[in-house]
$ cat protein-v4.txt   # compact mmCIF, C-alpha atoms
# COMPACT_ATOMS: atom_id res chain seq x y z
CA MET A 1 228.53 160.25 64.64
CA ASN A 2 232.28 160.08 65.19
CA PRO A 3 234.16 158.68 62.18
CA GLN A 4 235.88 155.34 62.62
CA PRO A 5 239.65 155.51 63.09
CA PRO A 6 241.54 154.30 60.02
CA LEU A 7 242.61 150.76 59.35
CA PRO A 8 246.36 150.16 59.34
CA ALA A 9 248.29 150.89 56.16
CA ALA A 10 249.33 147.22 56.19
CA VAL A 11 249.52 144.15 58.39
CA LEU A 12 252.95 142.49 58.51
CA TRP A 13 252.91 138.80 59.40
CA ASP A 14 255.62 136.55 60.75
CA MET A 15 255.35 133.01 59.37
CA ASP A 16 256.85 130.26 61.56
CA GLY A 17 254.94 129.96 64.80
CA THR A 18 252.65 132.92 64.11
CA LEU A 19 250.82 131.88 60.94
CA ILE A 20 251.79 128.22 60.80
CA ASP A 21 252.72 125.70 63.46
CA SER A 22 255.98 124.79 61.73
CA GLU A 23 258.30 124.86 64.72
CA PRO A 24 257.89 121.10 65.33
CA TYR A 25 258.97 120.54 61.72
CA TRP A 26 262.11 122.61 62.28
CA ILE A 27 262.95 120.80 65.52
CA GLU A 28 262.48 117.41 63.85
CA ALA A 29 264.77 118.43 60.97
CA GLU A 30 267.41 119.78 63.40
CA THR A 31 267.23 116.60 65.48
CA ALA A 32 267.66 114.36 62.46
CA LEU A 33 270.66 116.36 61.26
CA VAL A 34 272.44 116.42 64.63
CA GLU A 35 271.79 112.70 65.17
CA ARG A 36 273.23 111.99 61.71
CA PHE A 37 276.55 113.24 63.09
CA GLY A 38 276.26 111.30 66.34
CA GLY A 39 274.95 114.08 68.55
CA THR A 40 271.76 114.73 70.47
CA TRP A 41 269.23 117.55 70.10
CA SER A 42 266.21 118.16 72.33
CA GLU A 43 263.00 120.12 71.96
CA GLU A 44 264.44 122.60 74.47
CA ASP A 45 267.47 123.04 72.21
CA GLY A 46 265.18 123.66 69.25
CA LEU A 47 263.16 126.27 71.12
CA THR A 48 266.29 128.37 71.60
CA LEU A 49 266.41 128.85 67.80
CA VAL A 50 262.78 129.93 67.34
CA GLY A 51 262.66 133.12 65.29
CA ARG A 52 266.43 133.24 64.75
CA PRO A 53 268.05 133.74 61.33
CA LEU A 54 268.95 130.44 59.66
CA PRO A 55 272.71 131.15 59.47
CA TYR A 56 272.68 131.63 63.24
CA SER A 57 270.92 128.26 63.66
CA ALA A 58 273.45 126.64 61.33
CA ARG A 59 276.34 127.88 63.45
CA ILE A 60 274.71 126.51 66.59
CA LEU A 61 274.29 123.12 64.89
CA GLN A 62 277.92 123.17 63.79
CA GLY A 63 278.82 123.66 67.44
CA ARG A 64 276.82 120.54 68.23
CA GLY A 65 278.85 118.45 65.82
CA VAL A 66 277.19 118.91 62.42
CA ALA A 67 280.24 118.83 60.14
CA LEU A 68 278.74 120.62 57.14
CA PRO A 69 279.15 124.11 55.71
CA GLU A 70 276.67 126.70 56.94
CA ASP A 71 274.87 126.98 53.60
CA GLU A 72 274.47 123.20 53.34
CA ILE A 73 272.93 123.03 56.81
CA VAL A 74 270.47 125.78 55.88
CA ALA A 75 269.59 124.07 52.60
CA THR A 76 269.06 120.70 54.32
CA LEU A 77 266.77 122.12 57.00
CA THR A 78 264.82 124.27 54.53
CA ALA A 79 264.24 121.40 52.10
CA SER A 80 262.95 119.16 54.88
CA VAL A 81 260.53 121.72 56.33
CA ALA A 82 259.33 122.98 52.93
CA GLU A 83 258.47 119.44 51.89
CA ARG A 84 256.39 118.96 55.03
CA ILE A 85 254.53 122.24 54.46
CA ARG A 86 253.80 121.43 50.83
CA GLY A 87 252.24 118.18 52.03
CA ALA A 88 249.91 119.97 54.47
CA VAL A 89 250.12 123.54 55.71
CA PRO A 90 250.03 123.37 59.54
CA TRP A 91 247.92 126.50 60.02
CA GLN A 92 247.54 128.26 63.32
CA GLU A 93 243.78 128.50 62.93
CA ASP A 94 243.40 131.73 64.89
CA ALA A 95 245.92 133.43 62.60
CA ARG A 96 244.41 131.91 59.47
CA ALA A 97 240.96 133.30 60.34
CA LEU A 98 242.39 136.75 61.10
CA LEU A 99 244.42 136.76 57.87
CA GLN A 100 241.28 135.97 55.88
CA GLU A 101 239.39 138.80 57.59
CA VAL A 102 242.19 141.32 57.00
CA VAL A 103 242.59 140.34 53.34
CA ALA A 104 238.81 140.48 52.78
CA ALA A 105 238.83 144.05 54.12
CA GLY A 106 241.40 145.04 51.52
CA VAL A 107 244.23 145.74 53.97
CA PRO A 108 247.61 145.07 52.29
CA CYS A 109 249.61 142.25 53.89
CA ALA A 110 253.28 141.33 53.88
CA LEU A 111 254.94 138.10 54.97
CA VAL A 112 258.11 138.84 56.96
CA THR A 113 260.02 135.68 57.78
CA MET A 114 263.55 134.56 58.57
CA SER A 115 262.85 131.37 56.63
CA TYR A 116 264.24 131.38 53.11
CA ARG A 117 262.23 131.90 49.93
CA ARG A 118 261.82 128.17 49.28
CA MET A 119 260.01 127.86 52.60
CA ALA A 120 257.85 130.90 52.02
CA ASP A 121 256.88 129.63 48.57
CA ALA A 122 255.52 126.44 50.14
CA LEU A 123 253.08 128.56 52.17
CA LEU A 124 252.33 131.03 49.38
CA ALA A 125 251.15 128.18 47.17
CA ALA A 126 248.24 127.72 49.61
CA VAL A 127 247.33 131.45 49.78
CA PRO A 128 248.62 132.97 46.53
CA GLU A 129 246.55 136.18 46.78
CA ALA A 130 247.12 136.97 50.46
CA PHE A 131 250.45 138.81 50.42
CA GLN A 132 251.42 141.77 48.28
CA VAL A 133 255.01 141.63 49.57
CA VAL A 134 257.24 138.85 50.90
CA VAL A 135 260.51 139.44 52.74
CA THR A 136 262.57 136.33 53.52
CA GLY A 137 265.68 135.69 55.53
CA ASP A 138 267.88 135.31 52.45
CA GLU A 139 266.94 138.82 51.28
CA VAL A 140 268.23 140.81 54.25
CA ARG A 141 271.69 141.50 55.63
CA HIS A 142 270.56 141.59 59.24
CA GLY A 143 268.02 139.09 60.51
CA LYS A 144 265.60 139.44 63.38
CA PRO A 145 265.85 140.93 66.03
CA ASP A 146 267.23 143.63 63.73
CA PRO A 147 264.29 145.62 62.26
CA GLU A 148 265.63 145.51 58.68
CA SER A 149 263.11 142.94 57.44
CA TYR A 150 260.11 144.91 58.71
CA LEU A 151 261.42 148.20 57.40
CA LEU A 152 262.02 146.58 54.01
CA ALA A 153 258.48 145.19 53.92
CA ALA A 154 256.98 148.62 54.60
CA HIS A 155 259.27 150.18 51.99
CA ARG A 156 258.22 147.65 49.35
CA LEU A 157 254.56 148.27 50.18
CA GLY A 158 255.12 152.03 49.96
CA VAL A 159 253.70 152.68 53.44
CA ASP A 160 254.90 154.27 56.66
CA ILE A 161 256.01 151.56 59.11
CA ALA A 162 254.45 153.59 61.94
CA ARG A 163 251.03 153.02 60.32
CA CYS A 164 251.51 149.25 60.15
CA VAL A 165 250.58 146.46 62.54
CA ALA A 166 253.04 143.57 62.91
CA ILE A 167 252.15 140.16 64.35
CA GLU A 168 254.87 138.01 65.90
CA ASP A 169 255.37 135.15 68.35
CA SER A 170 259.09 134.87 69.14
CA PRO A 171 261.26 137.18 71.26
CA SER A 172 263.61 137.93 68.35
CA GLY A 173 260.73 138.59 65.96
CA ILE A 174 258.93 140.77 68.48
CA GLY A 175 262.14 142.73 68.98
CA ALA A 176 262.44 143.28 65.23
CA ALA A 177 258.85 144.39 64.76
CA TRP A 178 258.74 146.58 67.88
CA SER A 179 262.03 148.35 67.11
CA SER A 180 260.90 149.01 63.51
CA GLY A 181 258.18 151.32 64.82
CA ALA A 182 255.21 149.13 63.84
CA ALA A 183 252.38 148.65 66.30
CA THR A 184 253.30 145.15 67.43
CA ILE A 185 251.11 142.27 68.54
CA ALA A 186 252.89 139.44 70.35
CA VAL A 187 250.89 136.22 70.44
CA ARG A 188 251.99 133.53 72.85
CA ARG A 189 252.82 130.23 71.15
CA LEU A 190 255.92 128.45 72.50
CA ALA A 191 258.11 131.21 73.91
CA GLU A 192 257.78 133.43 76.94
CA LEU A 193 256.95 137.02 75.96
CA GLU A 194 258.49 139.88 77.90
CA ALA A 195 256.56 143.12 78.31
CA ARG A 196 257.70 146.19 76.35
CA PRO A 197 256.25 149.70 76.30
CA GLY A 198 253.41 149.84 73.80
CA LEU A 199 253.54 146.09 73.06
CA THR A 200 250.27 144.20 72.86
CA ARG A 201 250.58 140.67 74.29
CA LEU A 202 247.83 138.15 73.58
CA THR A 203 247.26 134.53 74.49
CA THR A 204 245.48 133.96 71.16
CA LEU A 205 244.42 135.85 68.05
CA ASP A 206 240.90 134.45 68.39
CA GLY A 207 238.43 137.26 68.90
CA LEU A 208 240.84 140.03 67.90
CA GLY A 209 239.27 140.57 64.51
CA LEU A 210 239.54 143.50 62.16
CA GLU A 211 238.29 145.95 64.79
CA GLY A 212 240.98 144.85 67.20
CA ILE A 213 243.59 145.36 64.50
CA ARG A 214 242.12 148.81 63.82
CA ALA A 215 242.25 149.74 67.52
CA ILE A 216 245.85 148.62 67.96
CA ALA A 217 246.87 150.46 64.78
CA ASN A 218 245.47 153.60 66.39
CA GLY A 219 247.32 153.31 69.67
CA GLU A 220 245.37 150.88 71.83
CA VAL A 221 247.56 148.48 73.80
CA ARG A 222 246.24 145.20 75.19
CA ASP A 223 248.05 142.91 77.61
CA GLU A 224 246.56 139.54 78.44
CA LEU A 225 249.81 138.44 80.10
CA THR A 226 250.04 141.18 82.75
CA GLY A 227 251.38 139.69 85.94
CA GLY A 228 253.75 137.33 84.15
CA ALA A 229 253.99 135.72 80.75

$ encode --input "protein-v4.txt" --output "structure tokens"
Amino acid sequence: MNPQPPLPAAVLWDMDGTLIDSEPYWIEAETALVERFGGTWSEEDGLTLVGRPLPYSARILQGRGVALPEDEIVATLTASVAERIRGAVPWQEDARALLQEVVAAGVPCALVTMSYRRMADALLAAVPEAFQVVVTGDEVRHGKPDPESYLLAAHRLGVDIARCVAIEDSPSGIGAAWSSGAATIAVRRLAELEARPGLTRLTTLDGLGLEGIRAIANGEVRDELTGGA
């Protein structure tokens, strides 16, 4: 009997959009802040910020009339979204089920998010044992799509990034994970997902399971969006 290929050294999870359906919370907070200063903000505007570092989002909001310092904009948005998550974690159920399966198998997990620690803590309170490592946007010099956050997560776990699987949903997050050298799974949520060499693109994480994670960690590439995302 042929031995099973190994499980990944770790699974690295994006938070907003991938694990939790928090993007509507962010867009609501952005809208309220822009309207407070007499401007308008649409869902389409909010979607352009998905996966971006918070300082970048703050600068965009300043350009739309929000007359506050960058750090105050970030703090206002983070407080609003964290409060909503503490009230009820808006799980992406396909990701929640896969996370539970991966954790039960003993595969180390890291949370790699451009949200700040306050936001991450709101999620971690619901799953305190799930993540051995957390990397947040206020801990890195270069946010996604730069690979720094993923490389830092692998370093903190003490594993080779090339033996990790990363799961993302936004173009900037996918760029960060893919360029880090991790085997990257892009799951379609709100954004269009461009094809990249070696990138797995899925319409859902349902049915992927631990064996799917194992296969992708060992070089299998799946593309459910071939022919156009």

$ closest_residue --input "protein-v4.txt" --among "A:Asp206, A:Glu35, A:Glu101, A:Glu28" --to "Ala67 (chain A)" --atoms "all atoms listed in the file"
A:Glu35

$ residues_around --input "protein-v4.txt" --residues "Ala195 (chain A)" --least-positions-apart "6" --cutoff "12 Å" --atoms "only C-alpha atoms" --output "list of chain:residue names"
A:Pro171, A:Ile174, A:Gly175, A:Trp178, A:Thr184, A:Ile185, A:Ala186, A:Val187, A:Arg188, A:Arg201, A:Leu202, A:Val221, A:Arg222, A:Asp223, A:Glu224, A:Leu225, A:Thr226, A:Gly227, A:Gly228, A:Ala229

$ atom_distance --input "protein-v4.txt" --atom1 "CA of Met114 (chain A)" --atom2 "CA of Ile161 (chain A)"
18.6 Å

$ residues_around --input "protein-v4.txt" --residues "Ala126 (chain A)" --least-positions-apart "4" --cutoff "10 Å" --atoms "all atoms listed in the file" --output "PyMOL selection string"
chain A and resi 85-86+88-89+121-122+130

$ residues_near_point --input "protein-v4.txt" --point "(242.4, 142.1, 52.8)" --cutoff "10 Å" --atoms "all atoms listed in the file" --output "list in words"
Ala10, Val11, Leu98, Leu99, Gln100, Glu101, Val102, Val103, Ala104, Ala105, Gly106, Val107, Pro108, Cys109, Glu129, Ala130, Phe131 and Leu210 of chain A

$ atom_distance --input "protein-v4.txt" --atom1 "CA of Ala75 (chain A)" --atom2 "CA of Ala120 (chain A)"
13.6 Å

$ atom_distance --input "protein-v4.txt" --atom1 "CA of Gly39 (chain A)" --atom2 "CA of Tyr56 (chain A)"
18.5 Å

$ closest_residue --input "protein-v4.txt" --among "A:Asp16, A:Glu43, A:Asp160, A:Glu30" --to "Gly137 (chain A)" --atoms "only C-alpha atoms"
A:Asp16

$ closest_residue --input "protein-v4.txt" --among "A:Glu194, A:Glu72, A:Glu23, A:Glu148" --to "Trp91 (chain A)" --atoms "all atoms listed in the file"
A:Glu23

$ closest_residue --input "protein-v4.txt" --among "A:Leu157, A:Tyr25, A:Ile20, A:Ala166" --to "Leu199 (chain A)" --atoms "only C-alpha atoms"
A:Ala166

$ residues_around --input "protein-v4.txt" --residues "Asp138 (chain A)" --least-positions-apart "6" --cutoff "10 Å" --atoms "all atoms listed in the file" --output "number ranges by chain"
A: 53-55, 113-118

$ residues_around --input "protein-v4.txt" --residues "Thr76 (chain A)" --least-positions-apart "6" --cutoff "12 Å" --atoms "only C-alpha atoms" --output "list in words"
Trp26, Ala29, Glu30, Ala32, Leu33, Val34, Leu54, Ala58, Val66, Leu68, Pro69, Glu70, Ala82, Glu83, Tyr116, Arg118 and Met119 of chain A

$ residues_around --input "protein-v4.txt" --residues "Ser179 (chain A)" --least-positions-apart "2" --cutoff "10 Å" --atoms "all atoms listed in the file" --output "list of chain:residue names"
A:Pro145, A:Asp146, A:Pro147, A:Glu148, A:Tyr150, A:Leu151, A:Gly173, A:Ile174, A:Gly175, A:Ala176, A:Ala177, A:Gly181, A:Ala182, A:Ala183, A:Thr184

$ closest_residue --input "protein-v4.txt" --among "A:Arg163, A:Arg156, A:Lys144, A:Arg189" --to "Gly51 (chain A)" --atoms "only C-alpha atoms"
A:Lys144

$ closest_residue --input "protein-v4.txt" --among "A:Leu123, A:Val165, A:Thr18, A:Arg84" --to "Thr203 (chain A)" --atoms "all atoms listed in the file"
A:Thr18

$ axis_aligned_box --input "protein-v4.txt" --around "region 189-204 of chain A" --padding-each-side "3 Å" --output "JSON"
{"center_x": 252.0, "center_y": 139.1, "center_z": 74.7, "size_x": 19.0, "size_y": 27.4, "size_z": 13.2}
